[in-house]
Amino acid sequence: MKKILTILIFPIVIIASDISGTIKNRLDKTPLDDAIVSLIKIPENTIIQTVITDKNGNYFMGNITSGIYQIEASKPDYYKNVLFDFTVEPLKNYECNIGLLKNLDCRRGKNQKRQSGEKRKTGESSDYCFMIGSIEVKSHGDEIIPEEAVTTRKISSGEIEHMQASNLGDILNLIPGVEKTQNPGLSKQSYVGIRSLTLDGTDGLLESFGSTIVVDGNEISSGANADFSGRSGIDLRTIPADNIESVEVISGIPSAEYGNFSNGIIKVKTKSGYVQNKLKAKLNPDTKTASYSGGYKFRKSFVDYHFNYGFSERNLREDGDEYHRLYGKLSYNKPFLDDRLETKSIFTLTKILDSDKPIGIYKLKDYNEGYKTSATFSFDYQKAENTKYKGLLSLNLNRKLDFNERFIAEQVIIASDTTIEYNGMELSDTTLSGYIGKKQIKGYEISINSNLKYNYIFNLGNQEHNFLTGFYGKFESNIGEGLVLHPFWNYYGMYSTKRSYSYSDYDPINQYSLFIQDKIKGKLFSRKYNLMLGLRYTAFNPKGIDISRGFLDTQNGEFFCPRFNFQYFIKDGIRIRFGAGKSAKSISLAYLYKPPSYFKYVQDDVVVEEMQLQQNPNLQAYSTSKYEASIDWSPHKLIGFSLTGYYTNSDNSPSSRTYPYGYDIKSDTITAADYSIYENLGWKDSYGFEFLIRTKRIKNLQFKMNITYRYSESGRKKTTYSDRADLSLGESYWYNPSTTWREKVIIDYQVNYVSQRLGAWITLDIQQIPLEYKQAVYHSAQYLYEINNVEYTFYQGMTHWYDNEKYDYGNRWLFDLRISKSLSQKTEFSLYINNLFDDRALWDNPYTNSDREKNPEIYYGLEISSQW
């Protein structure tokens, strides 16, 4: 009987196999103890074994019968990883090592150990993260309703790499409600406005200027630019996308620790710490980029680096029309005091080569050979479990070095008693039909930022208080030769009113802020709530103490900015949010120190030139008030809805006002020459709503839809001057300026599919703009004017009969496709096609018989990357 039993058991033993291996952190390769490893039989979808790794991260599973399995590895605070279609054959021992990615945002309790034999639920939520080559894919997708009280949009590194962004401006096209007006790349300047209807014209300049960009805690938005371009935000092409780990766009009421903005905050976090070696190359019709990243660990210290090169040939028909961007970053992280003090030092350098080779018969040249560099030191000190100090000091330098030439087709007469040097020749008693004008811009923009924060968490009754207070300081200056023009051969023409000016003549801008805030968590009527109460005080160029006017005597204003946010959980899956706040934004040197205006005329056969100052050193900073309310609802764990309404108001932004020459001496003077000064006369009201539908990933598919409605009305206070007034028509030399209203609806649809088994990520983005209107409304004198036997109603300030007509830009669609596919475990290939059907959305102007393309042309991009 014993022999028979031995024969029956023996075949079972010899056909079994074993699986062993090590679970490690994917980035720094450290072994992970107490990780859970499960073996799941396919297609039954039943857990066969579950084991836990030892202190060295090792695990062992024995007596496994042949078949097809899945191996799942998980650990609290890490994303789960799944190996699909693992085939087990008889009499074999397998070694399977698995890497897990750290989840900095995960909540404890998600990773629960299942019992052997337990059946997994179909469609069960699987919060895991895997790699498509070197692209990190979060399988669970975004949260279906907001977890925080502040309206925020977050973009991960995986989404950035999936779209093949070349700069920060490309990345922000992923934000719902942002109109996609240009293709990715480096061929055009890139700006951003948060909740903006347009970035064109004067309104557009202020929209981009009011959006503050913070990179690794360093505020890089600067008011130190005294040139004309200083009236807008920074060109986002200078911030490469390949080194960005995440982007967070705060469009709601932010924490009181953030200041110096009017529209919103864009927080950029670059890759840092232990960074795997990664090589990437991208190609599209006008832009080619290559980047390399890596890092090393020395005991407890980390060094990481990133290099990026971008090249754009903007006009393929023109030789030498090129834009080059070279970027380098070096970061050093080191802990002290038993890891309670973490320090980080970051150094960056961006070199721009934006030039045109000498072309044409005149061999005209244009180049920009400036650079930007920054150095940032920050620390994070955990004094106790509930007490923390943070600090930062950064220096930003922007070297401006531009040179431009152009041919001026103006007759130049040089008298016989005059000698003028021109291109190395001395000219006298001659007449020229034109000349080559030259312009140079030379200078240094300097910005120094510092902040210190104290954070203390404590409980009071049944409430948790997260107390935060701190100091913020910023110094901004522009030094150097500035705009350099030839006194005779003027780049802007012989009769231009523009002259050379030096940046060093302008005073710097200093701003100081104190803030205090408390975030409270508690329960009201047995339901959870989150409350944020904050106050920020900011002074711009303080000169002393003046209690009678506020707190300090300032040159450019002081502001008390309260902030309030409240979130209440009405029931499971339903919560409301509302808030209000005020923010203050510094003006730039370009607004403070507008160059002088010059006017030439002949009097008694003598050429006379008058000069009128246009600077306003006492121009005040401006503020914006914002109000917001939201309701978030998740009727099922797989779908969520959010509706947010907002209203913003600003009534003291910088706006240019025109005056006649000599107004500062005699206010009732009337002259043909005029000048303008920036004053706090601009106002803008805007409101809208954002409706978001989002699903969890179901059968590898996820759907998102965002409906955005925006309306704005803007103008300026007080009258403006015009010497062209026709008094016979009822016009006057001083009249009320026009106002402009805009209205737009943007609908964003997205369907994306991810599969770890196939190593694929496919996304289809659709943007529809079903409604877009714009109209200028005039408040000045009106009269009838006849054109081609047709009478039209004109208002003072109009140039064309249709200037006050309503513009309807019609309905348009845009389809974009993105595909990422793994070629191996650490290599992937990506493709995108923008404007898939090449629909240019041609808009016919009904008033001018002209047309304009509202969509960019069909466009493609390829990318390949590998890491090791």
# chains A, B, ... in the order shown; residues from 1 in each chain; ligands from 1
$ residues_around --residues "Tyr601 (chain A)" --least-positions-apart "6" --cutoff "10 Å" --atoms "only C-alpha atoms" --output "list in words"
Tyr495, Val607, Val608, Glu609 and Glu610 of chain A
$ residues_around --residues "region 158-165 of chain A" --least-positions-apart "4" --cutoff "7 Å" --atoms "only C-alpha atoms" --output "PyMOL selection string"
chain A and resi 135-137+170-171+184+241+818+820+830+863
$ write_last_selection --atoms "all heavy atoms" --output "PDB file, in the first residue's frame"
ATOM      1  N   ILE A 135       8.318  56.007 -20.231  1.00  0.00           N
ATOM      2  CA  ILE A 135       7.189  56.875 -19.882  1.00  0.00           C
ATOM      3  C   ILE A 135       6.426  56.260 -18.716  1.00  0.00           C
ATOM      4  O   ILE A 135       5.998  55.105 -18.777  1.00  0.00           O
ATOM      5  CB  ILE A 135       6.245  57.084 -21.081  1.00  0.00           C
ATOM      6  CG1 ILE A 135       6.968  57.807 -22.211  1.00  0.00           C
ATOM      7  CG2 ILE A 135       5.014  57.863 -20.669  1.00  0.00           C
ATOM      8  CD1 ILE A 135       6.102  58.047 -23.432  1.00  0.00           C
ATOM      9  N   GLU A 136       6.246  57.036 -17.667  1.00  0.00           N
ATOM     10  CA  GLU A 136       5.526  56.573 -16.493  1.00  0.00           C
ATOM     11  C   GLU A 136       4.023  56.757 -16.703  1.00  0.00           C
ATOM     12  O   GLU A 136       3.556  57.867 -16.952  1.00  0.00           O
ATOM     13  CB  GLU A 136       5.991  57.366 -15.272  1.00  0.00           C
ATOM     14  CG  GLU A 136       5.350  56.937 -13.971  1.00  0.00           C
ATOM     15  CD  GLU A 136       5.884  57.749 -12.805  1.00  0.00           C
ATOM     16  OE1 GLU A 136       7.110  57.719 -12.582  1.00  0.00           O
ATOM     17  OE2 GLU A 136       5.079  58.418 -12.145  1.00  0.00           O
ATOM     18  N   VAL A 137       3.262  55.672 -16.613  1.00  0.00           N
ATOM     19  CA  VAL A 137       1.822  55.692 -16.845  1.00  0.00           C
ATOM     20  C   VAL A 137       1.103  55.338 -15.559  1.00  0.00           C
ATOM     21  O   VAL A 137       1.317  54.269 -14.999  1.00  0.00           O
ATOM     22  CB  VAL A 137       1.406  54.700 -17.950  1.00  0.00           C
ATOM     23  CG1 VAL A 137      -0.092  54.797 -18.220  1.00  0.00           C
ATOM     24  CG2 VAL A 137       2.192  54.939 -19.217  1.00  0.00           C
ATOM     25  N   ASP A 170       4.001  74.262 -24.500  1.00  0.00           N
ATOM     26  CA  ASP A 170       3.336  73.084 -25.078  1.00  0.00           C
ATOM     27  C   ASP A 170       2.575  72.320 -24.003  1.00  0.00           C
ATOM     28  O   ASP A 170       1.450  71.849 -24.224  1.00  0.00           O
ATOM     29  CB  ASP A 170       4.369  72.157 -25.729  1.00  0.00           C
ATOM     30  CG  ASP A 170       5.076  72.782 -26.912  1.00  0.00           C
ATOM     31  OD1 ASP A 170       4.560  73.796 -27.432  1.00  0.00           O
ATOM     32  OD2 ASP A 170       6.133  72.273 -27.309  1.00  0.00           O
ATOM     33  N   ILE A 171       3.192  72.182 -22.833  1.00  0.00           N
ATOM     34  CA  ILE A 171       2.569  71.415 -21.752  1.00  0.00           C
ATOM     35  C   ILE A 171       1.225  72.012 -21.349  1.00  0.00           C
ATOM     36  O   ILE A 171       0.253  71.294 -21.100  1.00  0.00           O
ATOM     37  CB  ILE A 171       3.510  71.367 -20.535  1.00  0.00           C
ATOM     38  CG1 ILE A 171       4.789  70.615 -20.880  1.00  0.00           C
ATOM     39  CG2 ILE A 171       2.825  70.733 -19.327  1.00  0.00           C
ATOM     40  CD1 ILE A 171       5.849  70.677 -19.800  1.00  0.00           C
ATOM     41  N   PRO A 184       3.027  72.372 -31.301  1.00  0.00           N
ATOM     42  CA  PRO A 184       4.193  72.280 -30.408  1.00  0.00           C
ATOM     43  C   PRO A 184       5.479  72.603 -31.154  1.00  0.00           C
ATOM     44  O   PRO A 184       5.597  72.387 -32.360  1.00  0.00           O
ATOM     45  CB  PRO A 184       4.165  70.810 -29.961  1.00  0.00           C
ATOM     46  CG  PRO A 184       2.779  70.343 -30.212  1.00  0.00           C
ATOM     47  CD  PRO A 184       2.290  71.112 -31.394  1.00  0.00           C
ATOM     48  N   ALA A 241      10.802  70.981 -21.635  1.00  0.00           N
ATOM     49  CA  ALA A 241       9.805  70.089 -21.035  1.00  0.00           C
ATOM     50  C   ALA A 241      10.405  68.772 -20.557  1.00  0.00           C
ATOM     51  O   ALA A 241       9.867  68.146 -19.635  1.00  0.00           O
ATOM     52  CB  ALA A 241       8.688  69.803 -22.038  1.00  0.00           C
ATOM     53  N   ARG A 818      -2.402  61.071 -30.201  1.00  0.00           N
ATOM     54  CA  ARG A 818      -1.092  60.775 -29.627  1.00  0.00           C
ATOM     55  C   ARG A 818      -0.993  59.277 -29.353  1.00  0.00           C
ATOM     56  O   ARG A 818      -1.924  58.675 -28.806  1.00  0.00           O
ATOM     57  CB  ARG A 818      -0.870  61.550 -28.324  1.00  0.00           C
ATOM     58  CG  ARG A 818      -1.121  63.027 -28.430  1.00  0.00           C
ATOM     59  CD  ARG A 818      -0.509  63.796 -27.269  1.00  0.00           C
ATOM     60  NE  ARG A 818      -1.023  63.403 -25.976  1.00  0.00           N
ATOM     61  CZ  ARG A 818      -2.099  63.945 -25.403  1.00  0.00           C
ATOM     62  NH1 ARG A 818      -2.781  64.868 -26.042  1.00  0.00           N
ATOM     63  NH2 ARG A 818      -2.483  63.569 -24.203  1.00  0.00           N
ATOM     64  N   SER A 820       1.850  56.276 -27.884  1.00  0.00           N
ATOM     65  CA  SER A 820       3.140  55.861 -27.321  1.00  0.00           C
ATOM     66  C   SER A 820       3.161  54.347 -27.238  1.00  0.00           C
ATOM     67  O   SER A 820       2.193  53.724 -26.778  1.00  0.00           O
ATOM     68  CB  SER A 820       3.357  56.468 -25.929  1.00  0.00           C
ATOM     69  OG  SER A 820       3.407  57.877 -25.996  1.00  0.00           O
ATOM     70  N   SER A 830       7.080  57.334 -29.679  1.00  0.00           N
ATOM     71  CA  SER A 830       5.828  58.092 -29.622  1.00  0.00           C
ATOM     72  C   SER A 830       5.606  58.831 -30.933  1.00  0.00           C
ATOM     73  O   SER A 830       6.552  59.246 -31.611  1.00  0.00           O
ATOM     74  CB  SER A 830       5.855  59.104 -28.466  1.00  0.00           C
ATOM     75  OG  SER A 830       5.883  58.452 -27.220  1.00  0.00           O
ATOM     76  N   GLU A 863       9.096  60.750 -31.524  1.00  0.00           N
ATOM     77  CA  GLU A 863       9.998  60.787 -30.375  1.00  0.00           C
ATOM     78  C   GLU A 863      10.401  59.373 -29.997  1.00  0.00           C
ATOM     79  O   GLU A 863       9.601  58.437 -30.099  1.00  0.00           O
ATOM     80  CB  GLU A 863       9.313  61.475 -29.188  1.00  0.00           C
ATOM     81  CG  GLU A 863      10.131  61.537 -27.910  1.00  0.00           C
ATOM     82  CD  GLU A 863       9.766  60.437 -26.930  1.00  0.00           C
ATOM     83  OE1 GLU A 863       8.685  59.848 -27.066  1.00  0.00           O
ATOM     84  OE2 GLU A 863      10.585  60.157 -26.047  1.00  0.00           O
TER      85      GLU A 863
END
$ residues_around --residues "Ser312 (chain A)" --least-positions-apart "4" --cutoff "10 Å" --atoms "only C-alpha atoms" --output "list in words"
Gly185, Leu186, Ser187, Lys188, Asn284, Pro285, Asp286, Thr287, Lys288, Thr289, Leu316, Asp321, Glu322, Tyr323, His324, Arg325 and Asp354 of chain A
$ write_last_selection --atoms "N, CA and C atoms" --output "PDB file, in the first residue's frame"
ATOM      1  N   GLY A 185       6.446  73.127 -30.432  1.00  0.00           N
ATOM      2  CA  GLY A 185       7.737  73.408 -31.044  1.00  0.00           C
ATOM      3  C   GLY A 185       8.329  74.707 -30.550  1.00  0.00           C
ATOM      4  N   LEU A 186       9.396  75.127 -31.225  1.00  0.00           N
ATOM      5  CA  LEU A 186      10.157  76.302 -30.821  1.00  0.00           C
ATOM      6  C   LEU A 186      10.109  77.411 -31.852  1.00  0.00           C
ATOM      7  N   SER A 187       9.288  77.265 -32.883  1.00  0.00           N
ATOM      8  CA  SER A 187       9.320  78.224 -33.987  1.00  0.00           C
ATOM      9  C   SER A 187       8.697  79.564 -33.629  1.00  0.00           C
ATOM     10  N   LYS A 188       7.767  79.585 -32.668  1.00  0.00           N
ATOM     11  CA  LYS A 188       7.087  80.826 -32.310  1.00  0.00           C
ATOM     12  C   LYS A 188       7.202  81.081 -30.816  1.00  0.00           C
ATOM     13  N   ASN A 284       9.983  67.064 -35.296  1.00  0.00           N
ATOM     14  CA  ASN A 284       8.770  67.460 -36.015  1.00  0.00           C
ATOM     15  C   ASN A 284       9.200  68.377 -37.151  1.00  0.00           C
ATOM     16  N   PRO A 285       8.291  68.822 -38.008  1.00  0.00           N
ATOM     17  CA  PRO A 285       8.722  69.530 -39.220  1.00  0.00           C
ATOM     18  C   PRO A 285       9.619  70.742 -38.997  1.00  0.00           C
ATOM     19  N   ASP A 286       9.503  71.462 -37.869  1.00  0.00           N
ATOM     20  CA  ASP A 286      10.373  72.622 -37.705  1.00  0.00           C
ATOM     21  C   ASP A 286      11.236  72.581 -36.446  1.00  0.00           C
ATOM     22  N   THR A 287      11.074  71.553 -35.608  1.00  0.00           N
ATOM     23  CA  THR A 287      11.814  71.506 -34.348  1.00  0.00           C
ATOM     24  C   THR A 287      12.437  70.130 -34.133  1.00  0.00           C
ATOM     25  N   LYS A 288      13.699  70.134 -33.768  1.00  0.00           N
ATOM     26  CA  LYS A 288      14.405  68.916 -33.385  1.00  0.00           C
ATOM     27  C   LYS A 288      15.022  69.148 -32.014  1.00  0.00           C
ATOM     28  N   THR A 289      14.829  68.208 -31.103  1.00  0.00           N
ATOM     29  CA  THR A 289      15.411  68.334 -29.768  1.00  0.00           C
ATOM     30  C   THR A 289      16.049  67.019 -29.346  1.00  0.00           C
ATOM     31  N   LEU A 316      11.165  77.179 -43.654  1.00  0.00           N
ATOM     32  CA  LEU A 316      11.933  76.178 -44.374  1.00  0.00           C
ATOM     33  C   LEU A 316      12.434  76.693 -45.718  1.00  0.00           C
ATOM     34  N   ASP A 321      17.264  80.921 -41.053  1.00  0.00           N
ATOM     35  CA  ASP A 321      16.240  81.418 -40.130  1.00  0.00           C
ATOM     36  C   ASP A 321      16.065  80.388 -39.019  1.00  0.00           C
ATOM     37  N   GLU A 322      16.941  80.428 -38.018  1.00  0.00           N
ATOM     38  CA  GLU A 322      17.031  79.343 -37.050  1.00  0.00           C
ATOM     39  C   GLU A 322      16.941  79.845 -35.615  1.00  0.00           C
ATOM     40  N   TYR A 323      16.475  78.954 -34.756  1.00  0.00           N
ATOM     41  CA  TYR A 323      16.404  79.216 -33.316  1.00  0.00           C
ATOM     42  C   TYR A 323      17.048  78.036 -32.610  1.00  0.00           C
ATOM     43  N   HIS A 324      18.062  78.302 -31.782  1.00  0.00           N
ATOM     44  CA  HIS A 324      18.754  77.258 -31.028  1.00  0.00           C
ATOM     45  C   HIS A 324      18.563  77.521 -29.539  1.00  0.00           C
ATOM     46  N   ARG A 325      18.286  76.458 -28.805  1.00  0.00           N
ATOM     47  CA  ARG A 325      18.183  76.553 -27.349  1.00  0.00           C
ATOM     48  C   ARG A 325      19.067  75.485 -26.730  1.00  0.00           C
ATOM     49  N   ASP A 354      19.296  82.911 -31.555  1.00  0.00           N
ATOM     50  CA  ASP A 354      18.159  83.198 -32.419  1.00  0.00           C
ATOM     51  C   ASP A 354      18.641  84.164 -33.498  1.00  0.00           C
TER      52      ASP A 354
END
$ atom_distance --atom1 "CA of Lys699 (chain A)" --atom2 "CA of Phe84 (chain A)"
15.2 Å
$ residues_around --residues "region 758-766 of chain A" --least-positions-apart "5" --cutoff "6 Å" --atoms "only C-alpha atoms" --output "PyMOL selection string"
chain A and resi 132+748-753+814-822
$ write_last_selection --atoms "all heavy atoms" --output "short mmCIF file (atom, residue, chain, number, x, y, z; two decimals), in the first residue's frame"
data_model
loop_
_atom_site.label_atom_id
_atom_site.label_comp_id
_atom_site.auth_asym_id
_atom_site.auth_seq_id
_atom_site.Cartn_x
_atom_site.Cartn_y
_atom_site.Cartn_z
N ILE A 132 5.81 52.52 -19.94
CA ILE A 132 5.85 52.22 -21.37
C ILE A 132 7.22 52.71 -21.84
O ILE A 132 7.41 53.89 -22.10
CB ILE A 132 4.71 52.92 -22.12
CG1 ILE A 132 3.36 52.34 -21.70
CG2 ILE A 132 4.89 52.79 -23.62
CD1 ILE A 132 2.18 52.96 -22.39
N ASP A 748 -13.63 70.55 -24.45
CA ASP A 748 -12.52 69.61 -24.64
C ASP A 748 -13.02 68.20 -24.35
O ASP A 748 -13.58 67.94 -23.27
CB ASP A 748 -11.37 69.94 -23.70
CG ASP A 748 -10.71 71.26 -24.03
OD1 ASP A 748 -10.03 71.34 -25.07
OD2 ASP A 748 -10.88 72.23 -23.25
N TYR A 749 -12.80 67.31 -25.30
CA TYR A 749 -13.11 65.89 -25.13
C TYR A 749 -11.81 65.11 -25.17
O TYR A 749 -10.90 65.44 -25.94
CB TYR A 749 -14.02 65.35 -26.24
CG TYR A 749 -15.23 66.19 -26.58
CD1 TYR A 749 -15.13 67.25 -27.47
CD2 TYR A 749 -16.48 65.89 -26.04
CE1 TYR A 749 -16.25 68.00 -27.82
CE2 TYR A 749 -17.60 66.63 -26.39
CZ TYR A 749 -17.47 67.69 -27.27
OH TYR A 749 -18.57 68.43 -27.61
N GLN A 750 -11.73 64.06 -24.37
CA GLN A 750 -10.55 63.19 -24.44
C GLN A 750 -10.95 61.75 -24.16
O GLN A 750 -11.67 61.46 -23.20
CB GLN A 750 -9.48 63.62 -23.43
CG GLN A 750 -8.19 62.80 -23.55
CD GLN A 750 -7.19 63.09 -22.46
OE1 GLN A 750 -7.11 62.34 -21.48
NE2 GLN A 750 -6.42 64.15 -22.60
N VAL A 751 -10.47 60.86 -25.01
CA VAL A 751 -10.57 59.42 -24.79
C VAL A 751 -9.16 58.88 -24.83
O VAL A 751 -8.42 59.11 -25.80
CB VAL A 751 -11.44 58.74 -25.86
CG1 VAL A 751 -11.48 57.24 -25.61
CG2 VAL A 751 -12.84 59.32 -25.87
N ASN A 752 -8.74 58.19 -23.78
CA ASN A 752 -7.40 57.61 -23.80
C ASN A 752 -7.44 56.15 -23.36
O ASN A 752 -8.27 55.74 -22.55
CB ASN A 752 -6.41 58.43 -22.95
CG ASN A 752 -6.70 58.35 -21.47
OD1 ASN A 752 -6.34 57.37 -20.82
ND2 ASN A 752 -7.34 59.37 -20.92
N TYR A 753 -6.56 55.39 -23.96
CA TYR A 753 -6.48 53.94 -23.75
C TYR A 753 -5.06 53.58 -23.36
O TYR A 753 -4.11 54.00 -24.01
CB TYR A 753 -6.87 53.21 -25.03
CG TYR A 753 -6.60 51.72 -25.02
CD1 TYR A 753 -7.53 50.84 -24.48
CD2 TYR A 753 -5.42 51.20 -25.56
CE1 TYR A 753 -7.29 49.47 -24.48
CE2 TYR A 753 -5.16 49.84 -25.55
CZ TYR A 753 -6.10 48.97 -25.00
OH TYR A 753 -5.87 47.62 -24.99
N LEU A 814 -11.04 70.69 -33.64
CA LEU A 814 -9.63 70.33 -33.79
C LEU A 814 -9.44 68.94 -33.20
O LEU A 814 -9.84 68.68 -32.06
CB LEU A 814 -8.74 71.34 -33.06
CG LEU A 814 -7.23 71.21 -33.26
CD1 LEU A 814 -6.85 71.52 -34.70
CD2 LEU A 814 -6.48 72.13 -32.30
N PHE A 815 -8.84 68.03 -33.99
CA PHE A 815 -8.62 66.65 -33.56
C PHE A 815 -7.12 66.39 -33.48
O PHE A 815 -6.38 66.60 -34.46
CB PHE A 815 -9.25 65.66 -34.55
CG PHE A 815 -10.75 65.70 -34.60
CD1 PHE A 815 -11.42 66.70 -35.29
CD2 PHE A 815 -11.50 64.73 -33.95
CE1 PHE A 815 -12.80 66.75 -35.34
CE2 PHE A 815 -12.89 64.77 -34.00
CZ PHE A 815 -13.55 65.78 -34.69
N ASP A 816 -6.66 65.92 -32.32
CA ASP A 816 -5.25 65.58 -32.11
C ASP A 816 -5.15 64.13 -31.64
O ASP A 816 -5.92 63.69 -30.79
CB ASP A 816 -4.61 66.49 -31.06
CG ASP A 816 -4.55 67.94 -31.50
OD1 ASP A 816 -4.67 68.20 -32.71
OD2 ASP A 816 -4.41 68.83 -30.62
N LEU A 817 -4.17 63.42 -32.18
CA LEU A 817 -3.96 62.01 -31.84
C LEU A 817 -2.54 61.82 -31.32
O LEU A 817 -1.58 62.31 -31.91
CB LEU A 817 -4.19 61.13 -33.07
CG LEU A 817 -3.96 59.62 -32.88
CD1 LEU A 817 -5.00 59.03 -31.92
CD2 LEU A 817 -4.00 58.90 -34.22
N ARG A 818 -2.40 61.07 -30.20
CA ARG A 818 -1.09 60.77 -29.63
C ARG A 818 -0.99 59.28 -29.35
O ARG A 818 -1.92 58.68 -28.81
CB ARG A 818 -0.87 61.55 -28.32
CG ARG A 818 -1.12 63.03 -28.43
CD ARG A 818 -0.51 63.80 -27.27
NE ARG A 818 -1.02 63.40 -25.98
CZ ARG A 818 -2.10 63.94 -25.40
NH1 ARG A 818 -2.78 64.87 -26.04
NH2 ARG A 818 -2.48 63.57 -24.20
N ILE A 819 0.15 58.69 -29.73
CA ILE A 819 0.37 57.25 -29.54
C ILE A 819 1.76 57.04 -28.97
O ILE A 819 2.74 57.59 -29.48
CB ILE A 819 0.24 56.47 -30.87
CG1 ILE A 819 -1.14 56.67 -31.49
CG2 ILE A 819 0.52 54.99 -30.66
CD1 ILE A 819 -1.28 56.08 -32.87
N SER A 820 1.85 56.28 -27.88
CA SER A 820 3.14 55.86 -27.32
C SER A 820 3.16 54.35 -27.24
O SER A 820 2.19 53.72 -26.78
CB SER A 820 3.36 56.47 -25.93
OG SER A 820 3.41 57.88 -26.00
N LYS A 821 4.28 53.74 -27.68
CA LYS A 821 4.39 52.27 -27.72
C LYS A 821 5.77 51.87 -27.26
O LYS A 821 6.78 52.43 -27.69
CB LYS A 821 4.14 51.76 -29.14
CG LYS A 821 4.29 50.27 -29.31
CD LYS A 821 3.14 49.52 -28.63
CE LYS A 821 3.24 48.01 -28.87
NZ LYS A 821 4.36 47.39 -28.12
N SER A 822 5.82 50.89 -26.34
CA SER A 822 7.10 50.40 -25.86
C SER A 822 7.74 49.52 -26.93
O SER A 822 7.08 48.70 -27.57
CB SER A 822 6.92 49.60 -24.57
OG SER A 822 6.07 48.49 -24.79
#
$ select_by_dssp --residues "region 420-639 of chain A" --states "alpha helix (DSSP H)" --output "MDAnalysis selection string"
chainID A and resid 589:592
$ closest_residue --among "A:Leu349, A:Asn58, A:Gly169, A:Gly461" --to "Gln182 (chain A)" --atoms "only C-alpha atoms"
A:Gly169
$ residues_around --residues "Pro660 (chain A)" --least-positions-apart "6" --cutoff "12 Å" --atoms "only C-alpha atoms" --output "PyMOL selection string"
chain A and resi 597+599+612-614+666-677+720-724+733-734
$ residues_around --residues "Ile446 (chain A)" --least-positions-apart "4" --cutoff "8 Å" --atoms "only C-alpha atoms" --output "ChimeraX atom specification"
/A:224,395-398,475-478
$ write_last_selection --atoms "N, CA, C and O atoms" --output "mmCIF file, in the first residue's frame"
data_model
loop_
_atom_site.group_PDB
_atom_site.id
_atom_site.type_symbol
_atom_site.label_atom_id
_atom_site.label_comp_id
_atom_site.auth_asym_id
_atom_site.auth_seq_id
_atom_site.Cartn_x
_atom_site.Cartn_y
_atom_site.Cartn_z
ATOM 1 N N ALA A 224 11.881 92.830 -14.118
ATOM 2 C CA ALA A 224 13.130 93.547 -14.353
ATOM 3 C C ALA A 224 13.333 93.934 -15.810
ATOM 4 O O ALA A 224 14.283 94.645 -16.124
ATOM 5 N N LEU A 395 19.079 83.446 -7.251
ATOM 6 C CA LEU A 395 19.570 84.535 -8.086
ATOM 7 C C LEU A 395 19.290 84.188 -9.537
ATOM 8 O O LEU A 395 19.650 83.096 -10.012
ATOM 9 N N ASN A 396 18.630 85.098 -10.257
ATOM 10 C CA ASN A 396 18.313 84.896 -11.668
ATOM 11 C C ASN A 396 18.947 86.031 -12.484
ATOM 12 O O ASN A 396 18.793 87.209 -12.139
ATOM 13 N N LEU A 397 19.626 85.662 -13.558
ATOM 14 C CA LEU A 397 20.292 86.635 -14.411
ATOM 15 C C LEU A 397 19.908 86.377 -15.856
ATOM 16 O O LEU A 397 20.010 85.244 -16.339
ATOM 17 N N ASN A 398 19.450 87.418 -16.534
ATOM 18 C CA ASN A 398 19.090 87.332 -17.945
ATOM 19 C C ASN A 398 19.967 88.316 -18.720
ATOM 20 O O ASN A 398 19.811 89.530 -18.605
ATOM 21 N N PHE A 475 14.064 91.369 -5.195
ATOM 22 C CA PHE A 475 14.772 92.529 -5.729
ATOM 23 C C PHE A 475 14.900 92.337 -7.237
ATOM 24 O O PHE A 475 15.342 91.283 -7.705
ATOM 25 N N GLU A 476 14.526 93.371 -8.017
ATOM 26 C CA GLU A 476 14.583 93.287 -9.467
ATOM 27 C C GLU A 476 15.216 94.549 -10.026
ATOM 28 O O GLU A 476 14.845 95.666 -9.639
ATOM 29 N N SER A 477 16.164 94.352 -10.940
ATOM 30 C CA SER A 477 16.861 95.492 -11.508
ATOM 31 C C SER A 477 17.288 95.170 -12.936
ATOM 32 O O SER A 477 17.457 93.998 -13.305
ATOM 33 N N ASN A 478 17.453 96.234 -13.724
ATOM 34 C CA ASN A 478 17.934 96.106 -15.094
ATOM 35 C C ASN A 478 19.064 97.100 -15.281
ATOM 36 O O ASN A 478 18.895 98.295 -15.045
#
$ closest_residue --among "A:Ser548, A:Gly210, A:Tyr492, A:Gly133" --to "Gln867 (chain A)" --atoms "only C-alpha atoms"
A:Gly133
$ decode --residues "region 464-474 of chain A" --atoms "C-alpha atoms" --output "short mmCIF file (atom, residue, chain, number, x, y, z; two decimals), in the first residue's frame"
data_model
loop_
_atom_site.label_atom_id
_atom_site.label_comp_id
_atom_site.auth_asym_id
_atom_site.auth_seq_id
_atom_site.Cartn_x
_atom_site.Cartn_y
_atom_site.Cartn_z
CA GLU A 464 -6.57 69.94 13.20
CA HIS A 465 -4.79 73.23 12.53
CA ASN A 466 -2.04 73.59 9.94
CA PHE A 467 -0.53 76.96 10.76
CA LEU A 468 1.79 78.66 8.26
CA THR A 469 3.53 82.01 8.36
CA GLY A 470 6.48 83.49 6.53
CA PHE A 471 8.37 86.25 4.78
CA TYR A 472 8.99 86.88 1.08
CA GLY A 473 11.39 89.35 -0.53
CA LYS A 474 12.29 90.16 -4.12
#
